[in-house]
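Visitor: This is entry_37.cif (mmCIF, C-alpha atoms).
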```cif
data_query
loop_
_atom_site.group_PDB
_atom_site.id
_atom_site.type_symbol
_atom_site.label_atom_id
_atom_site.label_comp_id
_atom_site.auth_asym_id
_atom_site.auth_seq_id
_atom_site.Cartn_x
_atom_site.Cartn_y
_atom_site.Cartn_z
ATOM 1 C CA MET A 1 0.000 0.000 0.000
ATOM 2 C CA LYS A 2 1.494 3.344 -1.052
ATOM 3 C CA ILE A 3 0.585 6.478 0.868
ATOM 4 C CA GLY A 4 1.357 10.048 -0.171
ATOM 5 C CA ILE A 5 1.805 12.750 2.472
ATOM 6 C CA THR A 6 1.893 16.317 1.267
ATOM 7 C CA LEU A 7 4.463 18.914 2.319
ATOM 8 C CA LYS A 8 3.799 22.657 2.291
ATOM 9 C CA HIS A 9 6.198 25.310 1.037
ATOM 10 C CA ASN A 10 5.002 27.949 3.506
ATOM 11 C CA ALA A 11 4.906 25.868 6.684
ATOM 12 C CA TYR A 12 6.861 23.212 8.499
ATOM 13 C CA THR A 13 4.551 20.291 9.159
ATOM 14 C CA PRO A 14 6.178 18.033 11.778
ATOM 15 C CA GLU A 15 3.210 15.672 11.595
ATOM 16 C CA ALA A 16 4.090 14.816 7.982
ATOM 17 C CA TYR A 17 7.498 13.487 9.020
ATOM 18 C CA ALA A 18 5.976 11.743 12.052
ATOM 19 C CA TYR A 19 3.418 10.057 9.786
ATOM 20 C CA GLN A 20 6.139 8.896 7.431
ATOM 21 C CA GLN A 21 8.237 7.345 10.188
ATOM 22 C CA TYR A 22 5.215 5.713 11.837
ATOM 23 C CA LEU A 23 3.754 4.236 8.644
ATOM 24 C CA VAL A 24 7.095 2.968 7.353
ATOM 25 C CA GLY A 25 7.345 1.077 10.643
ATOM 26 C CA TYR A 26 4.136 -0.729 9.673
ATOM 27 C CA GLY A 27 5.532 -1.624 6.257
ATOM 28 C CA TYR A 28 3.805 1.032 4.152
ATOM 29 C CA ASP A 29 5.491 2.630 1.150
ATOM 30 C CA VAL A 30 5.385 6.391 1.806
ATOM 31 C CA GLN A 31 5.827 9.305 -0.599
ATOM 32 C CA LEU A 32 6.639 12.552 1.251
ATOM 33 C CA ASP A 33 6.562 15.397 -1.267
ATOM 34 C CA PHE A 34 5.076 18.727 -2.333
ATOM 35 C CA ASN A 35 3.310 17.118 -5.297
ATOM 36 C CA LEU A 36 1.735 13.726 -4.701
ATOM 37 C CA ASP A 37 1.341 10.893 -7.177
ATOM 38 C CA ASN A 38 -2.360 10.507 -8.014
ATOM 39 C CA ASN A 39 -1.791 6.794 -8.467
ATOM 40 C CA ASN A 40 -0.918 6.253 -4.807
ATOM 41 C CA ASP A 41 -3.445 4.238 -2.858
ATOM 42 C CA ILE A 42 -4.077 7.091 -0.410
ATOM 43 C CA ASN A 43 -2.964 10.734 -0.398
ATOM 44 C CA ILE A 44 -3.074 12.800 2.799
ATOM 45 C CA TYR A 45 -3.485 16.554 2.310
ATOM 46 C CA PHE A 46 -3.025 19.248 4.976
ATOM 47 C CA MET A 47 -5.907 21.449 4.070
ATOM 48 C CA GLY A 48 -6.329 24.924 2.882
ATOM 49 C CA LEU A 49 -8.511 25.037 -0.204
ATOM 50 C CA ARG A 50 -8.836 21.967 -2.394
ATOM 51 C CA PRO A 51 -11.937 22.695 -4.504
ATOM 52 C CA PHE A 52 -14.125 19.861 -5.786
ATOM 53 C CA TRP A 53 -13.553 21.003 -9.382
ATOM 54 C CA SER A 54 -9.771 20.475 -9.091
ATOM 55 C CA ASN A 55 -10.131 16.697 -9.328
ATOM 56 C CA LYS A 56 -7.290 15.002 -11.184
ATOM 57 C CA ASN A 57 -7.221 11.639 -12.848
ATOM 58 C CA GLY A 58 -5.830 8.871 -10.684
ATOM 59 C CA LYS A 59 -6.929 6.202 -8.260
ATOM 60 C CA ALA A 60 -5.739 7.758 -4.972
ATOM 61 C CA PHE A 61 -8.262 8.040 -2.159
ATOM 62 C CA GLU A 62 -7.920 11.362 -0.338
ATOM 63 C CA ILE A 63 -7.721 11.999 3.394
ATOM 64 C CA HIS A 64 -8.042 15.657 4.386
ATOM 65 C CA GLU A 65 -6.368 16.916 7.519
ATOM 66 C CA TYR A 66 -7.523 20.044 9.325
ATOM 67 C CA GLN A 67 -4.780 20.780 11.847
ATOM 68 C CA SER A 68 -5.802 24.417 12.280
ATOM 69 C CA LEU A 69 -8.606 26.871 11.633
ATOM 70 C CA SER A 70 -8.550 29.768 9.196
ATOM 71 C CA THR A 71 -6.721 32.862 10.382
ATOM 72 C CA PRO A 72 -8.257 36.362 10.715
ATOM 73 C CA PRO A 73 -9.723 38.361 9.157
ATOM 74 C CA TYR A 74 -13.034 36.620 8.367
ATOM 75 C CA SER A 75 -12.048 33.334 10.036
ATOM 76 C CA TYR A 76 -15.608 32.006 10.251
ATOM 77 C CA ALA A 77 -16.344 32.886 6.628
ATOM 78 C CA LYS A 78 -13.144 31.180 5.455
ATOM 79 C CA ASN A 79 -13.978 28.033 7.427
ATOM 80 C CA LYS A 80 -17.449 27.971 5.881
ATOM 81 C CA LEU A 81 -16.008 28.433 2.388
ATOM 82 C CA LYS A 82 -13.678 25.477 2.896
ATOM 83 C CA ARG A 83 -16.553 23.355 4.142
ATOM 84 C CA ILE A 84 -18.634 24.183 1.056
ATOM 85 C CA ILE A 85 -16.135 23.969 -1.794
ATOM 86 C CA ASN A 86 -13.509 21.457 -0.661
ATOM 87 C CA LYS A 87 -13.938 18.136 -2.413
ATOM 88 C CA LYS A 88 -15.221 15.156 -0.457
ATOM 89 C CA PRO A 89 -12.456 12.911 0.916
ATOM 90 C CA VAL A 90 -12.821 9.338 2.149
ATOM 91 C CA GLY A 91 -11.733 10.430 5.628
ATOM 92 C CA ARG A 92 -10.737 13.451 7.712
ATOM 93 C CA ILE A 93 -8.268 14.108 10.512
ATOM 94 C CA PHE A 94 -8.884 16.977 12.964
ATOM 95 C CA LEU A 95 -6.476 18.505 15.484
ATOM 96 C CA ASN A 96 -9.082 18.377 18.245
ATOM 97 C CA ASN A 97 -12.792 18.627 18.940
ATOM 98 C CA ASP A 98 -12.741 22.444 18.765
ATOM 99 C CA VAL A 99 -11.409 22.380 15.214
ATOM 100 C CA LYS A 100 -13.888 19.681 14.212
ATOM 101 C CA LYS A 101 -16.779 21.623 15.731
ATOM 102 C CA CYS A 102 -15.831 24.883 14.022
ATOM 103 C CA PHE A 103 -15.816 23.311 10.557
ATOM 104 C CA SER A 104 -19.209 21.679 11.162
ATOM 105 C CA PHE A 105 -19.113 19.151 8.327
ATOM 106 C CA ASN A 106 -22.618 17.706 8.038
ATOM 107 C CA ASP A 107 -21.811 14.374 6.428
ATOM 108 C CA ASN A 108 -20.953 10.878 7.598
ATOM 109 C CA ILE A 109 -17.369 10.778 6.374
ATOM 110 C CA PRO A 110 -15.230 8.891 8.952
ATOM 111 C CA TYR A 111 -12.728 10.881 10.975
ATOM 112 C CA ILE A 112 -10.240 10.758 13.807
ATOM 113 C CA LYS A 113 -8.923 13.455 16.121
ATOM 114 C CA ARG A 114 -5.141 13.653 16.409
ATOM 115 C CA ASP A 115 -3.408 16.223 18.588
ATOM 116 C CA MET A 116 0.101 17.527 18.002
ATOM 117 C CA GLY A 117 3.087 15.494 19.172
ATOM 118 C CA VAL A 118 6.787 15.831 19.900
ATOM 119 C CA ASP A 119 9.743 14.305 18.046
ATOM 120 C CA GLU A 120 11.581 11.651 20.043
ATOM 121 C CA ILE A 121 14.863 13.561 19.694
ATOM 122 C CA LEU A 122 13.485 16.394 21.824
ATOM 123 C CA PHE A 123 12.885 14.252 24.913
ATOM 124 C CA GLN A 124 15.954 15.165 26.960
ATOM 125 C CA LYS A 125 17.302 17.024 29.968
ATOM 126 C CA PRO A 126 18.849 20.498 29.693
ATOM 127 C CA LYS A 127 22.357 21.312 30.815
ATOM 128 C CA LEU A 128 22.868 22.073 34.490
ATOM 129 C CA ASN A 129 24.250 25.527 33.696
ATOM 130 C CA PRO A 130 22.700 26.645 30.399
ATOM 131 C CA ASP A 131 23.852 29.802 28.641
ATOM 132 C CA PHE A 132 20.360 31.222 28.158
ATOM 133 C CA ASP A 133 17.447 31.902 30.464
ATOM 134 C CA ILE A 134 14.609 31.997 27.932
ATOM 135 C CA LEU A 135 14.027 30.562 24.473
ATOM 136 C CA TYR A 136 11.397 31.699 21.989
ATOM 137 C CA SER A 137 10.994 29.279 19.084
ATOM 138 C CA GLY A 138 8.610 29.852 16.203
ATOM 139 C CA SER A 139 6.948 32.550 14.184
ATOM 140 C CA VAL A 140 7.703 36.138 15.141
ATOM 141 C CA SER A 141 5.818 37.954 12.398
ATOM 142 C CA GLY A 142 2.175 38.695 13.132
ATOM 143 C CA ARG A 143 2.358 37.927 16.870
ATOM 144 C CA VAL A 144 1.066 41.242 18.153
ATOM 145 C CA GLY A 145 2.830 42.145 21.395
ATOM 146 C CA LEU A 146 5.597 39.542 21.102
ATOM 147 C CA ILE A 147 8.421 41.925 20.197
ATOM 148 C CA GLU A 148 7.545 44.258 23.068
ATOM 149 C CA ASN A 149 7.561 41.373 25.546
ATOM 150 C CA LEU A 150 10.883 40.029 24.280
ATOM 151 C CA VAL A 151 12.440 43.475 24.730
ATOM 152 C CA LYS A 152 11.034 43.692 28.276
ATOM 153 C CA LEU A 153 12.360 40.244 29.187
ATOM 154 C CA ALA A 154 15.813 41.112 27.839
ATOM 155 C CA LYS A 155 16.193 43.705 30.592
ATOM 156 C CA ASN A 156 16.635 40.935 33.170
ATOM 157 C CA TYR A 157 17.264 37.696 31.225
ATOM 158 C CA LYS A 158 19.372 36.271 28.427
ATOM 159 C CA LEU A 159 17.193 35.294 25.473
ATOM 160 C CA ILE A 160 17.656 33.185 22.359
ATOM 161 C CA VAL A 161 15.135 33.521 19.521
ATOM 162 C CA VAL A 162 14.827 30.678 16.994
ATOM 163 C CA GLY A 163 13.022 31.595 13.784
ATOM 164 C CA GLN A 164 13.074 34.063 10.950
ATOM 165 C CA VAL A 165 13.299 37.679 12.091
ATOM 166 C CA GLU A 166 13.500 40.428 9.474
ATOM 167 C CA GLY A 167 13.206 44.165 8.917
ATOM 168 C CA ILE A 168 12.041 46.428 11.697
ATOM 169 C CA GLU A 169 11.468 43.466 14.045
ATOM 170 C CA LYS A 170 15.161 42.578 13.792
ATOM 171 C CA GLU A 171 16.118 46.156 14.636
ATOM 172 C CA TYR A 172 13.956 46.082 17.769
ATOM 173 C CA LEU A 173 15.647 42.849 18.868
ATOM 174 C CA THR A 174 19.184 44.156 18.479
ATOM 175 C CA ASN A 175 20.179 43.787 22.118
ATOM 176 C CA LYS A 176 23.184 42.365 23.940
ATOM 177 C CA ASN A 177 20.872 40.017 25.861
ATOM 178 C CA ILE A 178 19.114 38.655 22.744
ATOM 179 C CA THR A 179 20.662 36.091 20.395
ATOM 180 C CA LEU A 180 18.928 35.537 17.030
ATOM 181 C CA THR A 181 19.590 32.215 15.298
ATOM 182 C CA GLY A 182 17.341 32.673 12.256
ATOM 183 C CA ARG A 183 15.692 29.563 10.849
ATOM 184 C CA VAL A 184 17.385 26.328 11.858
ATOM 185 C CA ASN A 185 17.046 22.734 10.749
ATOM 186 C CA ARG A 186 14.911 20.458 12.884
ATOM 187 C CA HIS A 187 17.888 18.321 13.942
ATOM 188 C CA GLU A 188 19.562 21.410 15.465
ATOM 189 C CA LEU A 189 16.776 22.040 17.978
ATOM 190 C CA PRO A 190 17.781 19.518 20.685
ATOM 191 C CA GLU A 191 21.184 21.165 21.172
ATOM 192 C CA ILE A 192 19.618 24.640 21.313
ATOM 193 C CA TYR A 193 16.892 23.534 23.726
ATOM 194 C CA SER A 194 19.441 21.854 26.001
ATOM 195 C CA ASN A 195 21.134 25.210 26.579
ATOM 196 C CA VAL A 196 18.088 27.041 28.002
ATOM 197 C CA ARG A 197 16.121 27.115 31.257
ATOM 198 C CA TYR A 198 12.635 28.172 30.088
ATOM 199 C CA GLY A 199 10.674 28.364 26.855
ATOM 200 C CA LEU A 200 8.354 31.248 26.026
ATOM 201 C CA ASN A 201 4.945 30.528 24.543
ATOM 202 C CA TYR A 202 3.377 33.753 23.337
ATOM 203 C CA THR A 203 0.024 33.312 21.638
ATOM 204 C CA PRO A 204 -2.356 36.250 21.035
ATOM 205 C CA ASP A 205 -5.599 35.684 22.938
ATOM 206 C CA LEU A 206 -7.590 35.765 19.714
ATOM 207 C CA TYR A 207 -9.697 33.181 17.905
ATOM 208 C CA PRO A 208 -8.627 30.755 16.492
ATOM 209 C CA PHE A 209 -5.086 30.894 17.944
ATOM 210 C CA ASN A 210 -6.341 30.675 21.527
ATOM 211 C CA ILE A 211 -8.028 27.252 21.071
ATOM 212 C CA GLN A 212 -5.265 25.490 19.121
ATOM 213 C CA THR A 213 -2.452 23.366 20.524
ATOM 214 C CA SER A 214 0.825 25.187 21.079
ATOM 215 C CA THR A 215 3.369 22.772 19.613
ATOM 216 C CA LYS A 216 6.254 24.761 21.059
ATOM 217 C CA THR A 217 4.824 24.343 24.573
ATOM 218 C CA LEU A 218 4.782 20.566 24.134
ATOM 219 C CA GLU A 219 8.358 20.666 22.859
ATOM 220 C CA TYR A 220 9.623 22.877 25.682
ATOM 221 C CA LEU A 221 8.243 20.587 28.372
ATOM 222 C CA ALA A 222 9.427 17.415 26.627
ATOM 223 C CA ALA A 223 12.923 18.907 26.434
ATOM 224 C CA GLY A 224 12.936 19.560 30.178
ATOM 225 C CA LEU A 225 12.319 23.305 29.996
ATOM 226 C CA GLY A 226 9.903 25.221 32.126
ATOM 227 C CA VAL A 227 7.234 27.252 30.358
ATOM 228 C CA ILE A 228 6.545 30.971 30.438
ATOM 229 C CA SER A 229 3.269 31.944 28.782
ATOM 230 C CA ASN A 230 0.642 34.605 28.494
ATOM 231 C CA ARG A 231 -2.804 33.523 29.659
ATOM 232 C CA TYR A 232 -5.394 32.275 27.182
ATOM 233 C CA GLN A 233 -7.882 29.422 26.813
ATOM 234 C CA TRP A 234 -5.772 26.547 25.491
ATOM 235 C CA ILE A 235 -2.728 27.015 27.749
ATOM 236 C CA GLU A 236 -4.831 27.280 30.907
ATOM 237 C CA LYS A 237 -6.806 24.100 30.084
ATOM 238 C CA PHE A 238 -3.609 22.267 29.131
ATOM 239 C CA CYS A 239 -1.736 23.198 32.315
ATOM 240 C CA ASP A 240 -4.748 22.318 34.466
ATOM 241 C CA LYS A 241 -4.904 18.896 32.791
ATOM 242 C CA LEU A 242 -1.229 18.217 33.561
ATOM 243 C CA ASN A 243 -1.374 19.848 37.010
ATOM 244 C CA TYR A 244 1.522 22.041 35.900
ATOM 245 C CA LYS A 245 2.053 25.653 36.944
ATOM 246 C CA PRO A 246 3.852 27.735 34.324
ATOM 247 C CA ILE A 247 5.251 31.179 34.967
ATOM 248 C CA TRP A 248 2.672 33.615 33.675
ATOM 249 C CA LEU A 249 4.209 36.288 31.507
ATOM 250 C CA GLU A 250 2.175 38.992 33.227
ATOM 251 C CA ASP A 251 3.792 38.087 36.568
ATOM 252 C CA LEU A 252 7.275 37.946 35.067
ATOM 253 C CA ASN A 253 6.870 41.413 33.600
ATOM 254 C CA GLU A 254 5.972 42.744 37.054
ATOM 255 C CA THR A 255 9.011 41.398 38.882
ATOM 256 C CA GLU A 256 12.188 39.415 38.229
ATOM 257 C CA ILE A 257 11.716 35.716 39.043
ATOM 258 C CA ASN A 258 14.398 33.134 39.719
ATOM 259 C CA LEU A 259 13.976 30.694 36.815
ATOM 260 C CA ILE A 260 14.316 27.340 38.517
ATOM 261 C CA ASN A 261 12.573 24.320 37.021
ATOM 262 C CA ASN A 262 10.574 21.995 39.228
ATOM 263 C CA ASN A 263 7.561 19.712 39.010
ATOM 264 C CA LEU A 264 7.798 19.241 35.253
ATOM 265 C CA PRO A 265 5.012 16.971 33.949
ATOM 266 C CA ASP A 266 5.501 13.603 32.301
ATOM 267 C CA MET A 267 5.194 14.338 28.572
ATOM 268 C CA SER A 268 5.518 10.771 27.272
ATOM 269 C CA GLU A 269 1.885 10.690 26.119
ATOM 270 C CA TYR A 270 2.771 13.481 23.676
ATOM 271 C CA SER A 271 5.489 11.586 21.825
ATOM 272 C CA TRP A 272 4.435 11.176 18.215
ATOM 273 C CA ASN A 273 4.437 7.418 18.591
ATOM 274 C CA ASN A 274 1.928 7.574 21.447
ATOM 275 C CA ILE A 275 -0.173 10.297 19.828
ATOM 276 C CA LEU A 276 -0.573 8.236 16.653
ATOM 277 C CA LYS A 277 -1.070 4.981 18.515
ATOM 278 C CA ASN A 278 -3.772 6.435 20.790
ATOM 279 C CA SER A 279 -5.593 8.089 17.888
ATOM 280 C CA LYS A 280 -5.642 4.708 16.064
ATOM 281 C CA PHE A 281 -4.030 6.400 13.083
ATOM 282 C CA GLU A 282 -2.815 3.222 11.372
ATOM 283 C CA ASN A 283 -6.190 1.483 11.787
ATOM 284 C CA PHE A 284 -7.822 4.541 10.245
ATOM 285 C CA ILE A 285 -5.471 4.408 7.234
ATOM 286 C CA LYS A 286 -5.789 0.701 6.546
ATOM 287 C CA GLY A 287 -9.572 0.978 6.676
ATOM 288 C CA PHE A 288 -9.474 2.527 3.208
ATOM 289 C CA LYS A 289 -7.721 -0.377 1.448
#
```
Would you kindly transcribe this structure into structure tokens?

Guide:
Amino acid sequence: MKIGITLKHNAYTPEAYAYQQYLVGYGYDVQLDFNLDNNNDINIYFMGLRPFWSNKNGKAFEIHEYQSLSTPPYSYAKNKLKRIINKKPVGRIFLNNDVKKCFSFNDNIPYIKRDMGVDEILFQKPKLNPDFDILYSGSVSGRVGLIENLVKLAKNYKLIVVGQVEGIEKEYLTNKNITLTGRVNRHELPEIYSNVRYGLNYTPDLYPFNIQTSTKTLEYLAAGLGVISNRYQWIEKFCDKLNYKPIWLEDLNETEINLINNNLPDMSEYSWNNILKNSKFENFIKGFK
């Protein structure tokens, strides 16, 4: 059985690589590419728009994955448009129940819910005396308020920022206490994470960002880092579930806090292997033979 898994030029999709590794372990032949062979048995697409009139010749069954909701402006209208014009797949994968509910597909197409996971290489312990206090990893552009908070934190802590930073944002972050790495390859992250005490999750408290899983938060905790975060719906529910108390960014901005890690939660359930196993991912795939 040959399965195609799409890659996206404008986004890193860690789940695509996790799927490949997991399915190869079950003996599947996997194509991981930007353009999928329509003669595969199954093709998995990470969805934006895939209109019903764009059908191409080929035998491949399609599985559509909705790992996020449409971004503002007009988020609800964009979600509705996708629901109306996207072609019908044989199955769907949703990030969580919130994402499934917001798309409101009114058909009987089978689905599973599959949360985000963490690469095995990130499960580690940081150095005893790391060089940096706080790491921010991920998108900088479009995160309203992030730059200002990074500048504030740099007054008392040493920061390292992993991700593309350009233009005026780069000028604001020119500071002796801030190190910018730019984009890095995935295999470089464990070494960077091992050299930090805490990871910063900064997510604007706006729909749909505030109901979606913060992958970086999962990665920070798996790598043995504490978490600093602003308050919003997903992070509060997540920390309550794990009985974990992060440092709230609002408190850190009020006073300097000694960044000492303790009571880190067990993150083994969030390894990709366990996420895919518990979601019955392989059973879902083989059901379309």

Visitor: Which residues match the PyMOL selection byres ((chain A and resi 104-121) around 8) in the file above, as a CSV table (one decimal) with C-alpha atoms, in the frame of the given file?

Guide:
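What follows is the written file result-v2.csv:
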```csv
chain,number,residue,atom,x,y,z
A,15,GLU,CA,3.2,15.7,11.6
A,18,ALA,CA,6.0,11.7,12.1
A,83,ARG,CA,-16.6,23.4,4.1
A,89,PRO,CA,-12.5,12.9,0.9
A,90,VAL,CA,-12.8,9.3,2.1
A,91,GLY,CA,-11.7,10.4,5.6
A,92,ARG,CA,-10.7,13.5,7.7
A,93,ILE,CA,-8.3,14.1,10.5
A,94,PHE,CA,-8.9,17.0,13.0
A,95,LEU,CA,-6.5,18.5,15.5
A,96,ASN,CA,-9.1,18.4,18.2
A,97,ASN,CA,-12.8,18.6,18.9
A,100,LYS,CA,-13.9,19.7,14.2
A,101,LYS,CA,-16.8,21.6,15.7
A,102,CYS,CA,-15.8,24.9,14.0
A,103,PHE,CA,-15.8,23.3,10.6
A,122,LEU,CA,13.5,16.4,21.8
A,123,PHE,CA,12.9,14.3,24.9
A,124,GLN,CA,16.0,15.2,27.0
A,190,PRO,CA,17.8,19.5,20.7
A,213,THR,CA,-2.5,23.4,20.5
A,215,THR,CA,3.4,22.8,19.6
A,218,LEU,CA,4.8,20.6,24.1
A,219,GLU,CA,8.4,20.7,22.9
A,222,ALA,CA,9.4,17.4,26.6
A,270,TYR,CA,2.8,13.5,23.7
A,271,SER,CA,5.5,11.6,21.8
A,272,TRP,CA,4.4,11.2,18.2
A,275,ILE,CA,-0.2,10.3,19.8
A,276,LEU,CA,-0.6,8.2,16.7
A,279,SER,CA,-5.6,8.1,17.9
A,280,LYS,CA,-5.6,4.7,16.1
A,281,PHE,CA,-4.0,6.4,13.1
A,284,PHE,CA,-7.8,4.5,10.2
```

Visitor: Please evaluate the PyMOL selection byres ((chain A and resi 236) around 12) against the displayed coordinates and give the resulting residues as a count of residues only.

Guide: 27

Visitor: Could you expand the PyMOL selection byres ((chain A and resi 32) around 9) into the explicit residues it covers here, written as a VMD selection string?

Guide: chain A and resid 3 to 7 16 to 17 20 30 to 31 33 to 36

Visitor: Which distance in Å separates atom CA of A:Asn43 and atom CA of A:Asp98, to one decimal?

Guide: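 About the pair atom CA of A:Asn43 and atom CA of A:Asp98: they are 24.5 Å apart.
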
Visitor: Using only C-alpha atoms, pick whichever of A:Tyr76, A:Glu250, A:Arg143, A:Pro14 has the shortest atom-to-atom distance to A:His187.

Guide: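 Checking each of A:Tyr76, A:Glu250, A:Arg143, A:Pro14 against A:His187, counting only C-alpha atoms, the winner is A:Pro14.
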
Visitor: Considering all atoms listed in the file, return as a PyMOL selection string whatever protein or nucleic-acid residues lie within 10 Å of A:Gly145, sequence-local ones (same chain, fewer than 6 positions apart) excluded.

Guide: chain A and resi 202-204

Visitor: Print the selection's residues with C-alpha atoms to a file, as a PDB file, keeping the file's coordinate frame.

Guide:
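Result file is result.pdb:
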```pdb
ATOM      1  CA  TYR A 202       3.377  33.753  23.337  1.00  0.00           C
ATOM      2  CA  THR A 203       0.024  33.312  21.638  1.00  0.00           C
ATOM      3  CA  PRO A 204      -2.356  36.250  21.035  1.00  0.00           C
TER       4      PRO A 204
END
```

Visitor: Using all atoms listed in the file for the distances, tell me which of A:Asn129, A:Asn185, A:Asn201, A:Asn273 is nearest to A:Leu150.

Guide: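 Residue with the minimum atom-to-atom distance to A:Leu150: A:Asn201.
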
Visitor: Box in all listed atoms of stretch 196-208 of chain A, axis-aligned, with 8 Å more on each side; write out centre and edge lengths in Å to one decimal as lines of an AutoDock Vina configuration file.

Guide:
```
center_x = 4.2
center_y = 31.6
center_z = 23.9
size_x = 43.8
size_y = 25.2
size_z = 30.8
```

Visitor: Can you list, as a list of chain:residue names, every protein, DNA or RNA residue that comes within 8 Å of stretch 162-166 of chain A when you count all atoms listed in the file, leaving out same-chain residues fewer than 3 positions away?

Guide: A:Leu135, A:Tyr136, A:Ser137, A:Gly138, A:Ser139, A:Val140, A:Ser141, A:Glu169, A:Lys170, A:Leu180, A:Thr181, A:Gly182, A:Arg183, A:Val184

Visitor: With only C-alpha atoms as the atoms that count, which of A:Asn283, A:Asn149, A:Asn156, A:Thr71 lies nearest to A:Leu206?

Guide: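 Closest candidate: A:Thr71.
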
Visitor: Can you tell me which residues surround A:Val196 at a distance of at most 9 Å, considering only C-alpha atoms, apart from same-chain residues fewer than 2 positions away, and format the answer as a tab-separated table (two decimals) with C-alpha atoms, in the frame of the given file?

Guide:
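The resulting file, out10.tsv, is shown below:
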```tsv
chain	number	residue	atom	x	y	z
A	126	PRO	CA	18.85	20.50	29.69
A	127	LYS	CA	22.36	21.31	30.82
A	129	ASN	CA	24.25	25.53	33.70
A	130	PRO	CA	22.70	26.64	30.40
A	131	ASP	CA	23.85	29.80	28.64
A	132	PHE	CA	20.36	31.22	28.16
A	133	ASP	CA	17.45	31.90	30.46
A	134	ILE	CA	14.61	32.00	27.93
A	135	LEU	CA	14.03	30.56	24.47
A	159	LEU	CA	17.19	35.29	25.47
A	160	ILE	CA	17.66	33.18	22.36
A	192	ILE	CA	19.62	24.64	21.31
A	193	TYR	CA	16.89	23.53	23.73
A	194	SER	CA	19.44	21.85	26.00
A	198	TYR	CA	12.64	28.17	30.09
A	199	GLY	CA	10.67	28.36	26.86
A	225	LEU	CA	12.32	23.30	30.00
```

Visitor: Name the closest residue to A:His9 among the candidates A:Tyr157, A:Asn175, A:Phe46, A:Tyr207; distances are taken between atoms, counting only C-alpha atoms.

Guide: A:Phe46

Visitor: Rounded to one decimal in Å, what is the spacing between atom CA of A:Met1 and atom CA of A:Ala60?

Guide: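 Computing it gives 10.9 Å between the two atoms.
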
Visitor: Show which residues sit within 8 Å of A:Ser70, as a list in words. Count all atoms listed in the file, and ignore same-chain residues fewer than 6 positions away.

Guide: Tyr76, Lys78, Asn79 and Pro208 of chain A

Visitor: May I ask which of the residues A:Leu173, A:Leu23, A:Leu200, A:Ala11 is the closest one to A:Ile285, counting only C-alpha atoms?

Guide: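 Smallest distance to A:Ile285 is found for A:Leu23.
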
Visitor: Please compute the atom CA of A:Leu81-atom CA of A:Gly287 distance, one decimal, in Å.

Guide: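 That distance, rounded to one decimal, is 28.5 Å.
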